[in-house]
Amino acid sequence: MIFALSRHFRLLAKVIYMITAAIIAFYGCGKKDNPVSTDDSNEKLGGVEVTVSDYTNAPLAAAKVYTIPATKIDSTNLSGIAILKDIPVGDYRVLADKAGYETSEIQVGVKGDETKKVNLALKLKLSTNISLNYLKVFEGRDPAIGKSIVETNDGGYLIAGELGLFGGHIYLIKVDAEGNELWNKTYGNGEVNFVQTTSDGGFIVTGQVEKPNSTFDYDILLLKVNQNGDEVWRKAFDIFSTDDGTCVKQTPEGEYVVATSARAIIRTDGQGNEIWKRSFDYSGSVAWKYIEVTKKNDLIATGTVSNDEIVLTKLDSNGNELWFKKFGSFGASWAGAVRETRDGGYLVTGTTNITDTHLPIKDWKGDVYLLKTDLQGNKFWEKTFSKATRLEGGRAVEETRDGGFLIASDTYGSSTDFTDIWIIKTDDLGNLKADKTFGRNRDDACYDMRITKSGSAIVTGWSRSQDNKNEIMLLKVDLQ
C-alpha cells in the first residue's frame with residue numbers, strides 16, 4: 001500500500017523518516033601430471049583439479065590429480081571433458097572438488113591403455129563468507145542518497161542519487177573500481193530511482209521530475225546520458241498527477257521499457273519516444289517496482305497491489321499480458337525486485353508480514369521475503385528472513401555465480417536503534433548460508449545492489465555521519 005500512496009503522503013513519510021532518524025542518531029538511541037583437455041571457455045572462472053582414485057579392483061597406488069586450466073572450462077554450462085591417461089585397468093572414482101568447484105562423484109571404468117573421456121558437470125562451491133572490501137561515502141547537499149548503482153564498461157561504477165530534501169537534484173557519481181570519485185554531475189530538480197548501462201556505453205536513468213508550473217505534481221522522467229555523464233536527451237511522461245519511473249531496462253533492439261508507480265509499463269524507442277503504454281489493474285491499482293527483459297525478449301515485472309500483495313506479471317514484447325500471479329501468504333507484502341534465473345524461472349524479493357504501519361515509521365515491522373517461481377510464475381518455494389523486530393525488506397536480489405542468491409536489505413543493530421545494511425546469502429533453495437551487517441556508527445541504509453563481473457557485490461544507499469548529515473554510500477563486499 002505504501003507504494004500506491006500519493007506523492008504528498010510519500011513526501012511526508014520521507015520527512016518523518018529523516019526526522020526520526022535524526023532524533024535517534026542525536027540521542028544515541030597427489031602430484032600433477034598428464035594435463036586434461038576440455039572445451040574452450042568464454043570466461044575465466046578458475047582452474048579445476050580432478051582427483052582420480054580407486055573404486056574397485058583398481059591397482060592405483062595413489063590418487064592421481066589432473067588439472068583443467070581456467071581457460072579450458074565451458075563457462076556457459078560449467079562443464080569440462082577430463083581426459084584420463086596412463087591408468088591401469090579398473091574402476092575409478094572421479095571427483096572435481098578443488099579450486100572452488102564441486103561435482104557429484106563419477107564412477108569410471110578403464111580398460112587396457114585406452115584414453116578415457118569423462119564428462120564433468122561442474123558447480124561452483126557455494127560462497128559462505130561475506131567480507132568487506134571497502135565502504136566509502138560521498139558528501140553532497142544534505143541529505144544525499146544513492147538510489148541505484150551499475151558497473152561500467154571500464155570496470156568502475158556509476159551511482160545515481162539525489163541531493164537535497166525531496167530529491168532536490170538528480171546526481172550521478174562515476175568512480176573507479178576502488179571507489180575513488182572520477183566525476184559527478186547534476187541534472188536539475190527531480191528524483192532518480194534506477195540507472196542502467198546502455199549498448200553505446202552510456203546510461204539510461206528513470207525517476208520523476210516536477211510538472212511545469214506545478215507544485216508536488218510529477219511526471220515520469222527518462223534521462224539518457226553518455227559515458228562521460230553528458231546529457232543526450234530527456235523525456236517526461238504524464239499519466240496521473242504523481243507519477244514515478246521506478247525501473248528501466250534496454251531491450252535487444254536498443255529500445256527501453258520503463259516500470260512506473262502509476263499502474264503503467266511504457267516502451268519507447270531508442271530516443272525515448274513512446275511506442276506503447278499498458279496499464280494494469282489487479283483488483284486494485286498496482287505500483288510497479290522492477291522490470292526485466294528475459295532471455296526470450298519477453299518482459300517480467302513485479303509490483304505491489306494497493307491491497308498489499310505482490311504481483312508478478314509476464315508480458316510479451318508488445319506489452320500483451322501472458323500471465324500474472326499474486327503472492328502474499330505471509331500477510332501484507334511489498335515488492336522489491338525481480339530477476340530471471342539461469343534455469344529460466346524468476347526470483348522475487350521484497351517485504352512481507354508487514355504490521356504496525358499505523359505507528360511511526362521506526363516502529364513498523366516486516367521481514368525480508370524471497371520467492372522462487374518457475375517459467376510460468378508458479379511458486380517453487382518462498383522464504384522469510386528476520387534479524388530484528390523492526391521493518392526489514394529485500395531491496396535488491398541477485399543470482400550469484402555459485403547458483404545461490406544474494407539479497408540486500410536494511411536491519412537494526414542488535415544493541416542500538418541505528419540501521420545497518422544487511423547482506424543475506426542463500427543456496428539455490430533459499431536456505432540461509434551466510435549473512436553480515438555493514439555500516440558506520442550511525443544509520444546506514446541500502447537502495448540497490450548489483451553483482452560485478454568479478455563476483456563481488458556493490459551496494460549503494462546512504463550513511464549518516466557523526467554530525468548527522470546524510471551522505472551517499474558505496475559498499476563493496478566480497479563473496480568467498
# chains A, B, ... in the order shown; residues from 1 in each chain; ligands from 1
>>> residues_around(residues="range 182-195 of chain A", least_positions_apart="3", cutoff="8 Å", atoms="only C-alpha atoms", output="PyMOL selection string")
chain A and resi 147-150+159-162+166-176+203-210+229+245-248
>>> write_last_selection(atoms="C-alpha atoms", output="PDB file, in the first residue's frame")
ATOM      1  CA  LYS A 147      19.417   5.210  -5.198  1.00  0.00           C
ATOM      2  CA  SER A 148      20.890   2.919  -7.872  1.00  0.00           C
ATOM      3  CA  ILE A 149      24.270   1.583  -8.968  1.00  0.00           C
ATOM      4  CA  VAL A 150      25.697  -0.170 -12.015  1.00  0.00           C
ATOM      5  CA  ILE A 159      25.908   5.779  -8.733  1.00  0.00           C
ATOM      6  CA  ALA A 160      22.631   7.555  -9.419  1.00  0.00           C
ATOM      7  CA  GLY A 161      21.285   9.535  -6.497  1.00  0.00           C
ATOM      8  CA  GLU A 162      19.721  12.707  -5.193  1.00  0.00           C
ATOM      9  CA  PHE A 166      12.660  15.914  -1.668  1.00  0.00           C
ATOM     10  CA  GLY A 167      15.304  14.905  -4.210  1.00  0.00           C
ATOM     11  CA  GLY A 168      16.308  18.455  -4.988  1.00  0.00           C
ATOM     12  CA  HIS A 169      18.731  17.487  -7.754  1.00  0.00           C
ATOM     13  CA  ILE A 170      19.393  14.350  -9.785  1.00  0.00           C
ATOM     14  CA  TYR A 171      23.019  13.426  -9.208  1.00  0.00           C
ATOM     15  CA  LEU A 172      25.421  10.981 -10.896  1.00  0.00           C
ATOM     16  CA  ILE A 173      28.806   9.968  -9.494  1.00  0.00           C
ATOM     17  CA  LYS A 174      31.375   7.996 -11.507  1.00  0.00           C
ATOM     18  CA  VAL A 175      34.008   6.080  -9.512  1.00  0.00           C
ATOM     19  CA  ASP A 176      36.784   3.649 -10.375  1.00  0.00           C
ATOM     20  CA  PHE A 203      23.485   5.224 -19.242  1.00  0.00           C
ATOM     21  CA  ILE A 204      19.707   5.433 -19.015  1.00  0.00           C
ATOM     22  CA  VAL A 205      18.078   6.816 -15.861  1.00  0.00           C
ATOM     23  CA  THR A 206      14.475   6.870 -14.707  1.00  0.00           C
ATOM     24  CA  GLY A 207      12.734   8.674 -11.869  1.00  0.00           C
ATOM     25  CA  GLN A 208      10.481  11.699 -11.710  1.00  0.00           C
ATOM     26  CA  VAL A 209      10.546  15.400 -12.473  1.00  0.00           C
ATOM     27  CA  GLU A 210       8.171  18.108 -11.332  1.00  0.00           C
ATOM     28  CA  GLY A 229      27.745  11.901 -17.988  1.00  0.00           C
ATOM     29  CA  GLY A 245       9.592   5.849 -13.052  1.00  0.00           C
ATOM     30  CA  THR A 246      10.838   3.033 -10.848  1.00  0.00           C
ATOM     31  CA  CYS A 247      12.980   0.863 -13.175  1.00  0.00           C
ATOM     32  CA  VAL A 248      14.247   0.973 -16.771  1.00  0.00           C
TER      33      VAL A 248
END
>>> closest_atom_pairs(of="range 259-314 of chain A", to="range 343-357 of chain A", cutoff="10 Å", atoms="only C-alpha atoms", output="Markdown table")
| residue | atom | partner | partner_atom | distance |
| --- | --- | --- | --- | --- |
| A:Lys289 | CA | A:Gly350 | CA | 9.9 |
| A:Tyr290 | CA | A:Val348 | CA | 9.7 |
| A:Thr294 | CA | A:Gly344 | CA | 8.6 |
| A:Lys295 | CA | A:Gly344 | CA | 8.2 |
| A:Lys296 | CA | A:Gly344 | CA | 9.7 |
| A:Ile300 | CA | A:Tyr346 | CA | 8.5 |
| A:Ala301 | CA | A:Val348 | CA | 9.7 |
| A:Thr302 | CA | A:Val348 | CA | 7.7 |
| A:Gly303 | CA | A:Gly350 | CA | 9.6 |
| A:Thr304 | CA | A:Gly350 | CA | 9.7 |
| A:Asp308 | CA | A:Ile354 | CA | 9.0 |
| A:Glu309 | CA | A:Thr352 | CA | 9.0 |
| A:Ile310 | CA | A:Gly350 | CA | 8.4 |
| A:Val311 | CA | A:Val348 | CA | 9.9 |
| A:Leu312 | CA | A:Val348 | CA | 8.4 |
>>> residues_around(residues="range 455-469 of chain A", least_positions_apart="6", cutoff="8 Å", atoms="only C-alpha atoms", output="number ranges by chain")
A: 22, 25-26, 137, 142-149, 159, 400-401, 408, 439-449, 475-479
>>> atom_distance(atom1="CA of Ser306 in chain A", atom2="CA of Ser285 in chain A")
5.5 Å
>>> select_by_dssp(residues="range 255-409 of chain A", states="strand (DSSP E or B)", output="count of residues only")
90
